[in-house]
Structure formats: C-alpha cells, structure tokens
Amino acid sequence: MSTIISLLFLLVFLATGFIAARLRLLAESRGLDLFFSVVLYLLLLSMGLRLGQSRDVLSRLPEIGALAAVAAVSASLGTLLFQALAAPLYRRMPGFSGPVKRENGGRRIGQLLENLKKPFFLLVLVVLGGFIGGALPPLALLQDGSVSTWILYALLFVIGVKMATDGHGLRSMLLSPSTLVLPGLTIAGTLAGSLVLIPLFGLTPGKALAMGSGFGWYSLSGVLIADRGAPVLGAAAFLANLLRETLAFLLVPALRATGRHESGVGICGATSMDVTLPVLEDAWGPGVVPVAVAHGVLLSFLVPFLVPLFMSF
C-alpha cells in the first residue's frame with residue numbers, strides 16, 4: 001500500500017505541473033529554469049547529506065563503485081544488443097524513418113568536455129553533501145529522507161511543467177507504433193542487462209531492475225531508491241546512471257559508423273531528449289531530433305514510477 005501511495009504522490013505533483021502549464025497558469029521561462037536548477041542542486045545535496053549520515057554507505061564505497069560500473073555497462077550493452085537484434089524487424093514497420101545520415105560532424109574533445117561539465121558538477125554536489133553529512137552528528141531529519149522527498153516533489157512539479165511545454169507536437173509521434181518501438185527496446189534491453197546484477201552482487205530481481213530503470217536519469221533515480229530505505233543502493237544507482245550518460249557521450253560518435261541512429265538514441269536513455277541530444281544531432285543530423293525527443297520524453301515519464309515499483313519487490 002505504501003508503494004501505491006508513494007506512486008500516487010509522484011503522479012499528483014507531476015500531473016499538477018503539467019496541468020498548470022496546459023492551463024497557462026505557468027509557462028517555461030528563465031525564472032522556472034533557474035528554479036529547476038536550484039531544486040535539482042538542493043535535491044542532490046540533500047541526497048549527499050543523507051548518504052554521509054549513513055555509516056554503512058561510507059564503509060561500502062568500493063562495493064558501491066563496482067556495482068555502479070557493472071550496472072552502467074550491463075544496461076548499456078543490453079540496450080545495444082536488443083536494438084541490433086530487433087533492427088531487421090522494426091525497419092520494416094510503416095512510418096520508420098530509416099537511418100539518419102550526416103555527411104559532416106563529429107564532436108571535438110573540447111565539446112565533449114563541455115558536455116561532461118554539468119554531470120561532474122552534480123557529482124561534486126553529492127560528494128560535498130556526503131562530507132558535510134558525515135561531519136554532522138546524526139540528525140533524524142536527514143536520515144529519514146523527508147527533506148529530499150519534498151524537494152523531489154517540487155522537482156517533479158517543474159518537470160511536469162517542462163513536459164507540457166516541450167511536448168507540443170509530440171502527441172501524434174508518441175502514438176505512432178514506429179516511434180514507440182525504440183523506447184520499448186531501450187526499456188527491454190536495459191532491464192535485461194540489469195539482471196546480471198542478481199548473481200554478481202546478490203541483489204533481488206526488484207532491486208536489480210530498479211538500478212536500471214533510471215535509464216540514465218541519475219539526478220532522480222538515486223534519490224527515489226534512497227527514499228525507499230536503501231541509501232547504499234541509491235548511491236550506486238546515482239553513479240550507475242551518471243556513468244551511463246558519460247558512456248553515451250563517448251560511444252555515440254563511434255556508433256555513427258554503424259549507420260543505426262536508433263542504437264545511439266537507445267544508449268542515451270532518458271537523456272536523449274535534452275542532455276545528450278546535441279551529440280546525437282551532431283552525429284546524425286537534425287532528422288534524429290524528433291525521434292530522440294519522443295524517446296526521452298517517454299522514458300523520463302516512466303522513471304518516477306518504475307523505480308519505486310521495482311523497489312517494492
């Protein structure tokens with residue numbers, strides 16, 4: 001019952017933001033973007049504080065690092081494998097756009113480093129929060145996760161506004177079977193790849209699937225898992241999804257040689273709609289943007305629900 005109530009709360013705040021934007025009570029603006037950034041920073045800082053308060057997390061850092069690395073690689077490989085195996089089937093579907101080509105492109109090292117600046121900064125915030133939390137005496141307010149929970153609700157409200165604003169023109173695309181195939185394969189490949197965590201790290205099937213169902217959205221997935229009473233797993237999920245995004249930046253230019261833009265979109269996961277979109281556009285041209293945005297929107301919508309759902313098993 002607690003899982004259902006938690007999911008309902010997440011849906012209520014997400015839907016409230018969406019409806020407020022649709023009714024034109026709120027619209028995306030510089031002020032809203034600033035508020036989103038502040039809330040995101042506070043959320044990750046609060047996560048770091050909570051992790052620092054957990055002595056169990058501090059004593060298991062090597063295990064967390066190993067779990068995160070394996071989770072990121074297995075989820076990415078699973079996605080690529082499913083995309084490759086299904087290619088002969090979905091390329092025959094009506095409405096599938098086929099390979100998107102770009103004659104010129106390729107990210108330079110400087111541009112790649114620029115893309116990695118924000119993830120690095122957010123990682124620093126979590127680490128900083130961890131140091132502060134470890135230096136503070138035990139505080140129930142930080143340990144029970146109530147602070148991060150309400151910050152999370154605020155973040156979901158803003159995400160709802162952004163989805164309503166950015167979703168203009170996506171409705172027909174999201175209803176197209178040919179468009180839904182790519183996120184479906186990303187979900188299946190990611191979750192299948194995450195199952196290797198069960199024998200390697202002794203995780204339950206639910207926790208292994210929760211690790212993967214962040215789909216690269218590190219700033220949300222780790223907090224959702226930590227709020228379910230698993231700070232160690234939450235820290236690993238944060239790092240795993242951060243590593244998945246980093247792998248996407250590194251691998252998309254190489255995947256361009258395969259001629260399959262869907263593999264590049266798939267490995268980017270939920271971030272294909274925003275953070276990794278520039279590198280996708282650079283590799284395959286403007287034609288990949290609608291597919292990448294629809295892919296990211298659908299996965300981003302599912303993350304707040306799949307993670308708590310799998311954690312309940």
# chains A, B, ... in the order shown; residues from 1 in each chain; ligands from 1

$ residues_around --residues "Ala21 of chain A" --least-positions-apart "2" --cutoff "8 Å" --atoms "only C-alpha atoms" --output "list in words"
Gly17, Phe18, Ile19, Leu23, Arg24, Leu25, Leu26, Ala27, Gly160, Val161, Ala164 and Thr165 of chain A

$ write_last_selection --atoms "C-alpha atoms" --output "PDB file, in the first residue's frame"
ATOM      1  CA  GLY A  17       2.737  20.858 -13.044  1.00  0.00           C
ATOM      2  CA  PHE A  18       1.590  19.508 -16.409  1.00  0.00           C
ATOM      3  CA  ILE A  19      -1.974  20.781 -15.947  1.00  0.00           C
ATOM      4  CA  LEU A  23      -3.969  25.923 -18.427  1.00  0.00           C
ATOM      5  CA  ARG A  24      -1.292  28.588 -18.976  1.00  0.00           C
ATOM      6  CA  LEU A  25      -1.030  29.267 -15.255  1.00  0.00           C
ATOM      7  CA  LEU A  26       2.690  28.609 -15.647  1.00  0.00           C
ATOM      8  CA  ALA A  27       4.989  28.542 -18.631  1.00  0.00           C
ATOM      9  CA  GLY A 160       5.522  18.372 -15.321  1.00  0.00           C
ATOM     10  CA  VAL A 161       5.556  21.987 -16.498  1.00  0.00           C
ATOM     11  CA  ALA A 164       3.736  20.136 -21.092  1.00  0.00           C
ATOM     12  CA  THR A 165       5.791  22.913 -22.685  1.00  0.00           C
TER      13      THR A 165
END

$ residues_around --residues "segment 268-282 of chain A" --least-positions-apart "2" --cutoff "9 Å" --atoms "only C-alpha atoms" --output "PyMOL selection string"
chain A and resi 76+79+102+104-107+112+115+183+186-187+190+214-217+244-245+247-249+252-253+261+263-266+284-301+303

$ write_last_selection --atoms "C-alpha atoms" --output "PDB file, in the first residue's frame"
ATOM      1  CA  SER A  76      24.181  -0.041 -21.992  1.00  0.00           C
ATOM      2  CA  THR A  79      20.241  -1.814 -24.887  1.00  0.00           C
ATOM      3  CA  ARG A 102      25.019  13.201 -41.670  1.00  0.00           C
ATOM      4  CA  ASN A 104      29.782  16.188 -41.650  1.00  0.00           C
ATOM      5  CA  GLY A 105      30.025  16.081 -37.906  1.00  0.00           C
ATOM      6  CA  GLY A 106      31.871  14.550 -35.007  1.00  0.00           C
ATOM      7  CA  ARG A 107      32.339  16.037 -31.576  1.00  0.00           C
ATOM      8  CA  LEU A 112      32.880  16.537 -25.171  1.00  0.00           C
ATOM      9  CA  ASN A 115      29.100  18.269 -22.133  1.00  0.00           C
ATOM     10  CA  PRO A 183      11.907   3.263 -26.199  1.00  0.00           C
ATOM     11  CA  THR A 186      15.605   0.525 -24.658  1.00  0.00           C
ATOM     12  CA  ILE A 187      13.462  -0.499 -21.696  1.00  0.00           C
ATOM     13  CA  THR A 190      18.232  -2.051 -20.102  1.00  0.00           C
ATOM     14  CA  GLY A 214      16.657   5.170 -14.129  1.00  0.00           C
ATOM     15  CA  PHE A 215      17.622   4.945 -17.842  1.00  0.00           C
ATOM     16  CA  GLY A 216      20.445   7.441 -17.327  1.00  0.00           C
ATOM     17  CA  TRP A 217      18.423   9.924 -15.242  1.00  0.00           C
ATOM     18  CA  ARG A 244      25.598   5.590 -18.439  1.00  0.00           C
ATOM     19  CA  GLU A 245      25.234   9.204 -19.553  1.00  0.00           C
ATOM     20  CA  LEU A 247      29.253   6.339 -21.812  1.00  0.00           C
ATOM     21  CA  ALA A 248      26.637   7.755 -24.183  1.00  0.00           C
ATOM     22  CA  PHE A 249      28.736  10.870 -24.800  1.00  0.00           C
ATOM     23  CA  VAL A 252      27.541   7.937 -29.816  1.00  0.00           C
ATOM     24  CA  PRO A 253      30.250   9.228 -32.210  1.00  0.00           C
ATOM     25  CA  HIS A 261      20.796   6.085 -35.218  1.00  0.00           C
ATOM     26  CA  SER A 263      21.441   2.492 -31.245  1.00  0.00           C
ATOM     27  CA  GLY A 264      22.742   5.952 -30.381  1.00  0.00           C
ATOM     28  CA  VAL A 265      19.334   7.120 -29.188  1.00  0.00           C
ATOM     29  CA  GLY A 266      18.852   3.958 -27.147  1.00  0.00           C
ATOM     30  CA  TRP A 284      23.139  12.028 -37.345  1.00  0.00           C
ATOM     31  CA  GLY A 285      21.811  15.476 -38.190  1.00  0.00           C
ATOM     32  CA  PRO A 286      18.505  17.261 -37.436  1.00  0.00           C
ATOM     33  CA  GLY A 287      16.464  14.283 -38.649  1.00  0.00           C
ATOM     34  CA  VAL A 288      17.225  12.362 -35.447  1.00  0.00           C
ATOM     35  CA  VAL A 289      15.889  15.085 -33.124  1.00  0.00           C
ATOM     36  CA  PRO A 290      12.132  14.224 -33.181  1.00  0.00           C
ATOM     37  CA  VAL A 291      12.812  10.526 -32.555  1.00  0.00           C
ATOM     38  CA  ALA A 292      15.309  11.296 -29.787  1.00  0.00           C
ATOM     39  CA  VAL A 293      12.963  13.737 -28.046  1.00  0.00           C
ATOM     40  CA  ALA A 294       9.987  11.354 -28.158  1.00  0.00           C
ATOM     41  CA  HIS A 295      12.235   8.545 -26.860  1.00  0.00           C
ATOM     42  CA  GLY A 296      13.484  10.656 -23.962  1.00  0.00           C
ATOM     43  CA  VAL A 297      10.050  12.036 -23.049  1.00  0.00           C
ATOM     44  CA  LEU A 298       8.527   8.572 -22.724  1.00  0.00           C
ATOM     45  CA  LEU A 299      11.404   7.149 -20.675  1.00  0.00           C
ATOM     46  CA  SER A 300      11.551  10.234 -18.444  1.00  0.00           C
ATOM     47  CA  PHE A 301       7.848   9.903 -17.728  1.00  0.00           C
ATOM     48  CA  VAL A 303      11.288   6.667 -14.396  1.00  0.00           C
TER      49      VAL A 303
END

$ closest_atom_pairs --of "segment 135-220 of chain A" --to "segment 44-60 of chain A" --cutoff "6 Å" --atoms "only C-alpha atoms" --output "tab-separated table"
residue	atom	partner	partner_atom	distance
A:Leu142	CA	A:Arg50	CA	5.4
A:Gln143	CA	A:Arg50	CA	5.5
A:Ser148	CA	A:Ser46	CA	5.7

$ write_last_selection --atoms "N, CA and C atoms" --output "short mmCIF file (atom, residue, chain, number, x, y, z; two decimals), in the first residue's frame"
data_model
loop_
_atom_site.label_atom_id
_atom_site.label_comp_id
_atom_site.auth_asym_id
_atom_site.auth_seq_id
_atom_site.Cartn_x
_atom_site.Cartn_y
_atom_site.Cartn_z
N LEU A 142 17.58 14.37 8.49
CA LEU A 142 18.34 13.99 7.30
C LEU A 142 18.26 12.49 7.03
N GLN A 143 18.21 11.70 8.08
CA GLN A 143 18.25 10.25 7.92
C GLN A 143 16.95 9.65 7.41
N SER A 148 14.54 15.37 1.41
CA SER A 148 14.73 15.08 -0.01
C SER A 148 13.42 14.71 -0.69
#

$ closest_residue --among "A:Leu180, A:Leu40, A:Leu8, A:Leu302" --to "Leu155 of chain A" --atoms "only C-alpha atoms"
A:Leu40

$ residues_around --residues "Leu123 of chain A" --least-positions-apart "6" --cutoff "10 Å" --atoms "only C-alpha atoms" --output "PyMOL selection string"
chain A and resi 44-45+48+117+129+218-219+238-239+242
